[in-house]
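One file, final02.csv, is given below (CSV, C-alpha atoms and all ligand atoms).
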```csv
chain,number,residue,atom,x,y,z
I,1,MET,CA,20.5,-32.5,-5.6
I,2,GLU,CA,21.5,-34.8,-8.4
I,3,LYS,CA,25.2,-35.2,-8.9
I,4,VAL,CA,27.3,-36.7,-11.8
I,5,VAL,CA,29.1,-39.7,-10.3
I,6,PHE,CA,30.7,-40.9,-13.5
I,7,LYS,CA,31.8,-39.0,-16.6
I,8,ARG,CA,34.5,-38.9,-19.2
I,9,PRO,CA,37.8,-38.0,-17.6
I,10,LYS,CA,39.3,-34.6,-18.4
I,11,TYR,CA,42.4,-35.9,-20.3
I,12,ILE,CA,40.5,-38.1,-22.8
I,13,LYS,CA,39.3,-36.1,-25.7
I,14,LYS,CA,35.6,-36.4,-26.7
I,15,VAL,CA,36.2,-38.4,-29.8
I,16,PRO,CA,35.2,-42.0,-30.5
I,17,PHE,CA,37.9,-44.7,-30.0
I,18,HIS,CA,38.8,-46.6,-33.1
I,19,TYR,CA,39.2,-49.8,-31.0
I,20,CYS,CA,36.9,-52.8,-31.6
I,21,PRO,CA,33.9,-53.4,-29.4
I,22,GLY,CA,34.9,-54.7,-25.9
I,23,CYS,CA,38.6,-53.9,-26.5
I,24,GLY,CA,40.7,-53.6,-23.3
I,25,HIS,CA,42.8,-50.7,-24.7
I,26,SER,CA,39.9,-48.4,-24.3
I,27,ILE,CA,39.3,-49.2,-20.6
I,28,ILE,CA,43.1,-48.9,-19.9
I,29,HIS,CA,43.2,-45.5,-21.6
I,30,ARG,CA,40.4,-44.2,-19.4
I,31,LEU,CA,42.0,-45.5,-16.2
I,32,ILE,CA,45.3,-43.8,-17.1
I,33,ALA,CA,43.5,-40.6,-17.7
I,34,GLU,CA,41.5,-40.9,-14.5
I,35,VAL,CA,44.8,-41.3,-12.5
I,36,ILE,CA,46.4,-38.4,-14.3
I,37,GLU,CA,43.4,-36.2,-13.4
I,38,GLU,CA,43.3,-37.4,-9.8
I,39,LEU,CA,47.0,-36.8,-9.2
I,40,ASP,CA,46.7,-33.5,-11.1
I,41,ILE,CA,49.7,-34.2,-13.3
I,42,GLY,CA,48.2,-33.5,-16.7
I,43,GLU,CA,50.6,-30.7,-17.4
I,44,LYS,CA,53.7,-32.7,-16.5
I,45,THR,CA,52.9,-36.2,-18.0
I,46,ILE,CA,54.4,-37.4,-21.2
I,47,CYS,CA,53.2,-40.6,-22.8
I,48,VAL,CA,55.2,-42.7,-25.3
I,49,PRO,CA,52.7,-44.8,-27.4
I,50,PRO,CA,53.6,-47.9,-29.4
I,51,ALA,CA,53.2,-49.5,-32.8
I,52,GLY,CA,50.2,-51.7,-32.2
I,53,CYS,CA,46.5,-51.2,-31.9
I,54,ALA,CA,47.3,-48.3,-29.5
I,55,VAL,CA,49.4,-46.5,-32.2
I,56,LEU,CA,46.8,-43.7,-32.4
I,57,ALA,CA,46.6,-43.2,-28.6
I,58,TYR,CA,47.8,-39.6,-29.2
I,59,ASP,CA,44.4,-38.9,-30.8
I,60,TYR,CA,42.7,-39.7,-27.5
I,61,PHE,CA,44.9,-38.5,-24.6
I,62,ASP,CA,44.9,-34.8,-24.1
I,63,ILE,CA,48.5,-34.7,-22.8
I,64,ASP,CA,51.9,-34.5,-24.5
I,65,MET,CA,52.8,-37.7,-26.5
I,66,GLY,CA,55.8,-38.9,-28.5
I,67,GLU,CA,55.5,-42.0,-30.6
I,68,ALA,CA,58.2,-44.7,-30.3
I,69,PRO,CA,59.2,-47.0,-33.1
I,70,HIS,CA,58.0,-50.6,-32.6
I,71,GLY,CA,59.3,-52.0,-29.2
I,72,ARG,CA,61.4,-49.0,-28.4
I,73,GLY,CA,59.0,-47.3,-25.8
I,74,ALA,CA,61.3,-47.8,-22.8
I,75,ALA,CA,64.3,-46.5,-24.8
I,76,LEU,CA,62.4,-43.3,-25.9
I,77,ALA,CA,60.9,-42.8,-22.4
I,78,THR,CA,64.5,-43.1,-21.0
I,79,GLY,CA,65.6,-40.3,-23.2
I,80,VAL,CA,62.7,-38.1,-22.5
I,81,LYS,CA,62.9,-38.6,-18.7
I,82,ARG,CA,66.7,-38.0,-18.6
I,83,ILE,CA,66.3,-34.7,-20.4
I,84,LEU,CA,63.1,-33.7,-18.5
I,85,PRO,CA,63.5,-35.3,-15.1
I,86,ASP,CA,60.6,-33.3,-13.6
I,87,LYS,CA,58.1,-34.8,-16.0
I,88,MET,CA,56.1,-38.0,-15.4
I,89,VAL,CA,57.0,-40.2,-18.3
I,90,PHE,CA,55.4,-43.5,-19.2
I,91,SER,CA,55.5,-45.8,-22.2
I,92,TYR,CA,52.3,-47.7,-23.3
I,93,GLN,CA,53.2,-51.0,-25.0
I,94,GLY,CA,51.5,-54.1,-26.3
I,95,ASP,CA,52.8,-57.6,-25.6
I,96,GLY,CA,54.1,-58.1,-29.1
I,97,ASP,CA,55.8,-54.7,-28.9
I,98,ILE,CA,57.4,-55.2,-25.5
I,99,ALA,CA,58.1,-58.9,-25.4
I,100,ALA,CA,59.3,-59.5,-28.9
I,101,ILE,CA,60.9,-56.7,-30.9
I,102,GLY,CA,61.4,-54.6,-27.8
I,103,THR,CA,62.7,-57.1,-25.3
I,104,ALA,CA,66.3,-55.8,-25.3
I,105,GLU,CA,65.4,-52.1,-24.8
I,106,THR,CA,62.9,-53.0,-22.0
I,107,ILE,CA,65.2,-55.3,-20.0
I,108,HIS,CA,68.1,-52.8,-20.1
I,109,ALA,CA,65.9,-49.9,-19.1
I,110,ALA,CA,64.7,-51.9,-16.1
I,111,ASN,CA,68.2,-53.1,-15.3
I,112,ARG,CA,69.5,-49.5,-15.4
I,113,GLY,CA,66.7,-48.6,-13.0
I,114,GLU,CA,65.4,-45.9,-15.3
I,115,ASN,CA,62.9,-43.8,-13.4
I,116,ILE,CA,60.1,-44.4,-15.9
I,117,THR,CA,56.8,-46.3,-15.9
I,118,VAL,CA,55.8,-48.9,-18.4
I,119,ILE,CA,52.1,-49.8,-19.0
I,120,PHE,CA,52.3,-53.2,-20.7
I,121,VAL,CA,49.0,-54.3,-22.3
I,122,ASN,CA,49.1,-58.1,-22.6
I,123,ASN,CA,46.3,-59.4,-24.9
I,124,SER,CA,48.3,-62.5,-25.8
I,125,CYS,CA,48.5,-61.7,-29.6
I,126,TYR,CA,49.6,-59.2,-32.2
I,127,GLY,CA,46.3,-57.4,-32.3
I,128,MET,CA,46.9,-54.7,-34.9
I,129,THR,CA,48.4,-56.9,-37.6
I,130,GLY,CA,45.7,-59.5,-37.5
I,131,GLY,CA,46.2,-61.9,-34.6
I,132,GLN,CA,49.6,-63.5,-35.1
I,133,MET,CA,51.3,-65.4,-32.2
I,134,ALA,CA,53.0,-63.1,-29.7
I,135,PRO,CA,55.7,-64.4,-27.2
I,136,THR,CA,52.8,-64.3,-24.6
I,137,THR,CA,50.3,-66.4,-26.7
I,138,LEU,CA,49.1,-69.3,-24.5
I,139,LEU,CA,49.9,-72.9,-25.2
I,140,GLY,CA,47.1,-74.3,-27.3
I,141,GLN,CA,45.9,-70.8,-28.3
I,142,ASN,CA,44.9,-70.5,-31.9
I,143,SER,CA,46.5,-67.6,-33.8
I,144,THR,CA,47.0,-67.0,-37.5
I,145,THR,CA,50.6,-68.2,-37.2
I,146,THR,CA,49.8,-71.1,-34.8
I,147,PRO,CA,46.7,-72.7,-36.5
I,148,GLY,CA,45.7,-75.6,-34.3
I,149,GLY,CA,47.2,-74.0,-31.2
I,150,ARG,CA,50.6,-72.9,-29.9
I,151,ASP,CA,52.8,-75.9,-29.4
I,152,LYS,CA,55.6,-75.9,-26.8
I,153,ASP,CA,58.1,-77.9,-28.9
I,154,ARG,CA,57.4,-76.0,-32.1
I,155,ASP,CA,56.7,-72.5,-30.9
I,156,GLY,CA,58.2,-72.3,-27.4
I,157,SER,CA,56.2,-71.5,-24.2
I,158,PRO,CA,54.7,-68.2,-23.3
I,159,ILE,CA,57.2,-65.7,-21.9
I,160,ASP,CA,56.5,-64.1,-18.6
I,161,LEU,CA,58.2,-60.8,-19.2
I,162,SER,CA,57.2,-59.3,-15.9
I,163,GLU,CA,59.0,-62.1,-14.0
I,164,MET,CA,62.0,-61.6,-16.3
I,165,LEU,CA,62.2,-57.9,-15.5
I,166,ALA,CA,61.7,-58.5,-11.8
I,167,ILE,CA,65.1,-60.2,-11.5
I,168,THR,CA,66.8,-57.0,-12.7
I,169,LYS,CA,68.2,-54.9,-9.8
I,170,GLY,CA,66.7,-51.7,-11.2
I,171,ALA,CA,63.1,-52.7,-11.3
I,172,VAL,CA,61.3,-51.6,-8.1
I,173,TYR,CA,57.6,-52.2,-8.7
I,174,ILE,CA,56.0,-54.6,-11.0
I,175,GLU,CA,52.3,-55.7,-10.8
I,176,ARG,CA,50.1,-57.8,-13.0
I,177,THR,CA,46.4,-56.9,-13.1
I,178,ALA,CA,43.5,-57.3,-15.5
I,179,VAL,CA,40.6,-55.3,-16.9
I,180,ASN,CA,38.1,-58.1,-17.3
I,181,SER,CA,35.8,-57.3,-14.3
I,182,ILE,CA,34.8,-54.4,-12.1
I,183,LYS,CA,37.0,-55.6,-9.3
I,184,ASN,CA,40.1,-56.1,-11.5
I,185,ILE,CA,39.5,-52.7,-13.2
I,186,ILE,CA,39.6,-51.0,-9.8
I,187,LYS,CA,42.8,-52.8,-8.9
I,188,THR,CA,44.4,-51.9,-12.2
I,189,LYS,CA,43.7,-48.2,-11.6
I,190,LYS,CA,45.3,-48.5,-8.1
I,191,ALA,CA,48.3,-50.2,-9.6
I,192,ILE,CA,48.7,-47.5,-12.3
I,193,ALA,CA,48.5,-44.8,-9.6
I,194,LYS,CA,51.1,-46.6,-7.5
I,195,ALA,CA,53.5,-46.9,-10.5
I,196,PHE,CA,53.2,-43.2,-11.3
I,197,LYS,CA,53.8,-42.3,-7.6
I,198,VAL,CA,56.8,-44.6,-7.5
I,199,GLN,CA,58.3,-42.6,-10.4
I,200,MET,CA,57.4,-39.2,-8.9
I,201,ALA,CA,59.2,-40.3,-5.7
I,202,GLY,CA,62.2,-41.1,-7.8
I,203,LEU,CA,62.4,-44.7,-6.8
I,204,GLY,CA,63.2,-46.3,-10.1
I,205,PHE,CA,61.6,-48.5,-12.8
I,206,SER,CA,57.9,-49.4,-12.5
I,207,LEU,CA,55.7,-51.5,-14.7
I,208,VAL,CA,52.1,-52.6,-14.7
I,209,GLU,CA,51.2,-55.6,-16.9
I,210,ILE,CA,47.5,-55.6,-17.7
I,211,LEU,CA,45.7,-58.6,-19.0
I,212,SER,CA,43.4,-57.2,-21.6
I,213,PRO,CA,40.7,-58.7,-23.9
I,214,CYS,CA,41.1,-58.7,-27.7
I,215,PRO,CA,37.7,-60.1,-28.6
I,216,THR,CA,38.3,-59.7,-32.4
I,217,ASN,CA,41.4,-61.8,-32.6
I,218,TRP,CA,40.4,-64.3,-29.9
I,219,LYS,CA,37.2,-64.7,-32.0
I,220,MET,CA,35.0,-64.3,-28.9
I,221,SER,CA,32.2,-62.0,-27.8
I,222,PRO,CA,33.4,-59.3,-25.4
I,223,VAL,CA,31.7,-61.0,-22.5
I,224,ASP,CA,33.3,-64.3,-23.3
I,225,ALA,CA,36.7,-62.7,-23.8
I,226,CYS,CA,36.5,-61.3,-20.2
I,227,GLU,CA,35.6,-64.7,-18.9
I,228,TRP,CA,38.5,-66.3,-20.8
I,229,ILE,CA,40.9,-64.0,-19.0
I,230,ASP,CA,39.8,-65.6,-15.8
I,231,ASP,CA,39.6,-69.2,-17.0
I,232,GLY,CA,42.5,-69.2,-19.5
I,233,VAL,CA,44.9,-66.3,-19.5
I,234,MET,CA,45.3,-66.2,-15.7
I,235,GLN,CA,46.2,-69.8,-15.5
I,236,THR,CA,49.5,-68.9,-17.3
I,237,PHE,CA,49.7,-65.3,-16.1
I,238,PRO,CA,48.4,-65.1,-12.5
I,239,LEU,CA,47.5,-61.7,-11.1
I,240,LYS,CA,50.0,-60.7,-8.5
I,241,ILE,CA,52.5,-58.1,-7.3
I,242,VAL,CA,55.5,-59.5,-9.1
I,243,LYS,CA,58.0,-57.2,-7.3
I,244,ASP,CA,57.6,-54.4,-4.8
I,245,GLU,CA,60.8,-52.9,-3.3
I,246,THR,CA,59.2,-49.5,-2.7
I,247,SER,CA,58.7,-49.6,1.0
A,1,MET,CA,11.0,-37.6,8.8
A,2,THR,CA,11.3,-40.2,6.0
A,3,ILE,CA,14.6,-40.5,4.3
A,4,LYS,CA,14.2,-40.7,0.6
A,5,PRO,CA,16.3,-43.6,-0.8
A,6,LYS,CA,19.1,-42.6,-3.1
A,7,LYS,CA,18.2,-43.0,-6.8
A,8,GLY,CA,20.5,-43.3,-9.7
A,9,ARG,CA,20.2,-42.9,-13.4
A,10,ILE,CA,22.4,-43.4,-16.4
A,11,VAL,CA,22.6,-41.7,-19.9
A,12,ILE,CA,24.0,-43.9,-22.7
A,13,ASP,CA,25.4,-42.0,-25.7
A,14,SER,CA,24.1,-44.3,-28.4
A,15,LYS,CA,26.4,-42.7,-31.0
A,16,LEU,CA,29.5,-43.8,-29.0
A,17,CYS,CA,28.1,-47.3,-28.1
A,18,LYS,CA,29.6,-50.2,-30.0
A,19,GLY,CA,27.2,-52.8,-28.7
A,20,CYS,CA,29.7,-54.9,-26.7
A,21,TYR,CA,27.1,-55.4,-24.0
A,22,LEU,CA,29.6,-55.5,-21.1
A,23,CYS,CA,27.4,-53.0,-19.3
A,24,MET,CA,24.4,-55.4,-19.5
A,25,SER,CA,26.6,-58.2,-18.1
A,26,VAL,CA,27.4,-56.3,-14.9
A,27,CYS,CA,24.2,-54.4,-14.1
A,28,PRO,CA,22.9,-56.0,-10.9
A,29,SER,CA,19.3,-55.1,-11.7
A,30,GLU,CA,19.3,-55.9,-15.4
A,31,LEU,CA,18.3,-52.3,-16.3
A,32,ILE,CA,20.1,-52.3,-19.7
A,33,VAL,CA,18.8,-53.9,-22.9
A,34,ILE,CA,19.7,-54.0,-26.6
A,35,SER,CA,18.1,-51.3,-28.7
A,36,THR,CA,16.1,-52.4,-31.7
A,37,GLU,CA,17.5,-49.5,-33.8
A,38,LEU,CA,20.9,-49.5,-35.3
A,39,ASN,CA,23.2,-46.5,-34.6
A,40,GLU,CA,25.3,-44.6,-37.2
A,41,LYS,CA,28.2,-47.0,-36.8
A,42,GLY,CA,25.9,-50.0,-37.5
A,43,TYR,CA,25.7,-51.4,-34.0
A,44,TYR,CA,22.6,-52.1,-31.9
A,45,PRO,CA,23.4,-49.8,-29.0
A,46,ALA,CA,22.7,-50.5,-25.3
A,47,GLU,CA,19.6,-48.9,-24.0
A,48,PHE,CA,18.7,-47.9,-20.4
A,49,THR,CA,15.2,-49.2,-19.5
A,50,GLU,CA,14.5,-46.5,-16.8
A,51,THR,CA,15.0,-43.4,-18.8
A,52,ASN,CA,11.3,-42.5,-18.5
A,53,ALA,CA,10.6,-44.3,-15.2
A,54,GLY,CA,10.4,-41.2,-13.0
A,55,GLU,CA,11.0,-41.7,-9.2
A,56,ASP,CA,10.1,-45.4,-9.6
A,57,ARG,CA,13.6,-46.3,-10.7
A,58,LYS,CA,15.6,-49.3,-9.5
A,59,CYS,CA,18.9,-47.9,-10.7
A,60,THR,CA,21.1,-47.1,-7.7
A,61,GLY,CA,23.8,-45.2,-9.7
A,62,CYS,CA,26.3,-47.8,-8.7
A,63,ALA,CA,28.2,-47.0,-11.9
A,64,MET,CA,29.4,-50.5,-12.6
A,65,CYS,CA,28.0,-50.3,-16.2
A,66,ALA,CA,30.1,-47.1,-16.7
A,67,VAL,CA,33.3,-48.6,-15.1
A,68,ILE,CA,33.3,-51.5,-17.6
A,69,CYS,CA,32.1,-49.5,-20.6
A,70,PRO,CA,35.2,-49.4,-23.0
A,71,ASP,CA,33.8,-46.6,-25.0
A,72,ILE,CA,33.0,-44.1,-22.2
A,73,ALA,CA,29.4,-44.1,-23.5
A,74,ILE,CA,27.8,-44.0,-20.1
A,75,GLU,CA,27.3,-41.1,-17.7
A,76,VAL,CA,26.0,-41.8,-14.2
A,77,TYR,CA,24.0,-39.5,-11.9
A,78,ARG,CA,23.0,-40.1,-8.3
A,79,GLY,CA,20.9,-38.2,-5.8
V,301,LIG,C1,59.7,-52.4,-37.1
V,301,LIG,C2,58.3,-52.8,-37.3
V,301,LIG,N1,58.1,-54.2,-37.4
V,301,LIG,C3,56.8,-54.6,-37.6
V,301,LIG,C4,55.8,-53.8,-37.5
V,301,LIG,C5,54.3,-54.3,-37.7
V,301,LIG,N2,53.6,-54.3,-36.4
V,301,LIG,C6,52.8,-53.3,-36.1
V,301,LIG,S1,52.0,-53.6,-34.7
V,301,LIG,C7,52.7,-55.1,-34.5
V,301,LIG,C8,52.4,-56.0,-33.3
V,301,LIG,C9,51.5,-55.4,-32.4
V,301,LIG,O1,51.2,-56.3,-31.3
V,301,LIG,P1,51.1,-55.8,-29.8
V,301,LIG,O2,52.4,-55.1,-29.5
V,301,LIG,O3,50.8,-57.0,-29.0
V,301,LIG,O4,50.0,-54.7,-29.8
V,301,LIG,P2,48.4,-55.0,-29.9
V,301,LIG,O5,48.0,-54.5,-31.3
V,301,LIG,O6,48.1,-56.4,-29.6
V,301,LIG,O7,47.8,-54.0,-28.9
V,301,LIG,C10,53.6,-55.4,-35.6
V,301,LIG,C11,54.4,-56.6,-35.7
V,301,LIG,C12,56.0,-52.4,-37.3
V,301,LIG,N3,55.0,-51.5,-37.2
V,301,LIG,N4,57.3,-51.9,-37.2
V,302,LIG,S1,42.3,-56.1,-32.7
V,302,LIG,FE1,42.1,-56.6,-30.5
V,302,LIG,S2,43.5,-55.2,-29.4
V,302,LIG,FE2,43.2,-54.3,-31.5
V,302,LIG,S3,41.4,-52.9,-31.3
V,302,LIG,FE3,40.6,-54.9,-31.8
V,302,LIG,S4,40.1,-55.9,-29.9
V,302,LIG,FE4,41.5,-54.2,-29.4
V,303,LIG,S1,24.4,-47.5,-12.5
V,303,LIG,FE1,24.3,-49.6,-11.6
V,303,LIG,S2,22.1,-50.0,-11.4
V,303,LIG,FE2,22.2,-48.2,-12.7
V,303,LIG,S3,22.2,-49.1,-14.8
V,303,LIG,FE3,24.3,-48.9,-14.2
V,303,LIG,S4,24.9,-50.9,-13.4
V,303,LIG,FE4,22.7,-50.8,-13.4
V,304,LIG,S1,29.5,-51.2,-22.4
V,304,LIG,FE1,29.4,-49.2,-23.4
V,304,LIG,S2,29.9,-49.7,-25.6
V,304,LIG,FE2,29.4,-51.6,-24.6
V,304,LIG,S3,27.2,-51.9,-25.0
V,304,LIG,FE3,27.3,-50.9,-23.0
V,304,LIG,S4,27.2,-48.7,-23.5
V,304,LIG,FE4,27.7,-49.7,-25.4
V,305,MG,MG,49.1,-57.6,-28.2
```
Go through the file and emit its structure as structure tokens.
Ligand SMILES: Cc1ncc(C[n+]2csc(CCOP(=O)(O)OP(=O)(O)O)c2C)c(N)n1
Ligand code: SF4
Ligand code: SF4
Ligand code: SF4
Ligand SMILES: [Mg+2]
Amino acid sequence: MEKVVFKRPKYIKKVPFHYCPGCGHSIIHRLIAEVIEELDIGEKTICVPPAGCAVLAYDYFDIDMGEAPHGRGAALATGVKRILPDKMVFSYQGDGDIAAIGTAETIHAANRGENITVIFVNNSCYGMTGGQMAPTTLLGQNSTTTPGGRDKDRDGSPIDLSEMLAITKGAVYIERTAVNSIKNIIKTKKAIAKAFKVQMAGLGFSLVEILSPCPTNWKMSPVDACEWIDDGVMQTFPLKIVKDETS
Amino acid sequence: MTIKPKKGRIVIDSKLCKGCYLCMSVCPSELIVISTELNEKGYYPAEFTETNAGEDRKCTGCAMCAVICPDIAIEVYRG
């Protein structure tokens, strides 16, 4: 008997994504929905989407959602989780959102050990607004605000937000993964599942940073953008468990 | 008794496909090609070459194409 071995997960609505061809946001949405389905937590999960390309995430996830102002995902998730401690609450944030305008909220939520999860999508630029430099933009990387490439002396060096958060006492699990290959996609899904379980066990602040292709602003084909994550982005942001104090 | 080897097959929803061709880049048997006809969105969608291949298919249903497809345009069947 023939069996379906891969299909759209239950918690992603059957509507087309507005994301560009080859955009990592779409893959990450699907992985989150697969984890929610496998853990059977669709009725108790609340997502806090960001300002950024994922601003319309509530059109895709078939779960409860509450949009945060730009950068304030961890603050809003804090409020939701404190009022509804039995829910599984995660914010979904881009690198511009979390590592520029939202730095303060994020660091203090981690430091307080808020029992929330942050999904941090690092595509090394401000995608939605047209590819400006983000704090995570690589040295030498072209962006509309760093024509000719990001320069250390003029623009500062890329910020490793995950390492910064790891030094707070309240952060218990932080891992950096990527969605540029089958192997890395599978690892990313495992990391998301672990982060959600850390929260459900009441252990404290968890975050998964996911290196994600933005072929449009990187001005690359989707296949080349995935290769660039290996050859370029990972040289600055190596994949690793940044912190794990869960066992 | 001869054991029939497991066969797979995929169905690509050409309306959802945005022509990123990540699926083509991962299929171990190169069973996906670019269609010659534009879809409604204006992309040349990916096309499975074994849709009408009957039992002679090379597709194993490994699902790698579907795992990397950003637009959830691929369903995979095995058996
Ligand atoms: C208070 C405020 N300031 C600025 C903006 C404009 N804005 C929208 S998205 C964005 C950056 C998005 O970049 P990122 O968080 O990396 O998300 P991506 O689109 O790359 O996924 C900015 C500056 C805004 N919406 N609100
Ligand atoms: S601009 Fe970049 S991040 Fe935004 S949808 Fe397009 S590819 Fe994705
Ligand atoms: S399921 Fe595997 S073998 Fe079949 S088309 Fe997809 S990648 Fe190729
Ligand atoms: S990966 Fe998906 S969206 Fe991209 S070409 Fe293949 S079927 Fe189309
Ligand atoms: Mg970004």
Pick from I:Ile116, I:Leu56, I:Val198, I:Cys20: nearest to chain A, with all atoms listed in the file counted?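 When distances to chain A are compared using all atoms listed in the file, the smallest one comes from I:Cys20.
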What is the atom CA of Cys226 of chain I to atom CA of Ile46 of chain I distance in Å?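 Value for the atom CA of Cys226 of chain I-atom CA of Ile46 of chain I distance: 29.9 Å.
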Quick one: which residues from chain A are at most 12 Å off chain I, using all atoms listed in the file, as a ChimeraX atom specification? /A:6-27,41-45,60-79
Atom CA of Ala77 of chain I and atom CA of Ile41 of chain I, how far apart in Å?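 That distance, rounded to one decimal, is 16.8 Å.
Atom pair atom CA of Arg112 of chain I / atom CA of Ser247 of chain I: separated by 19.6 Å.
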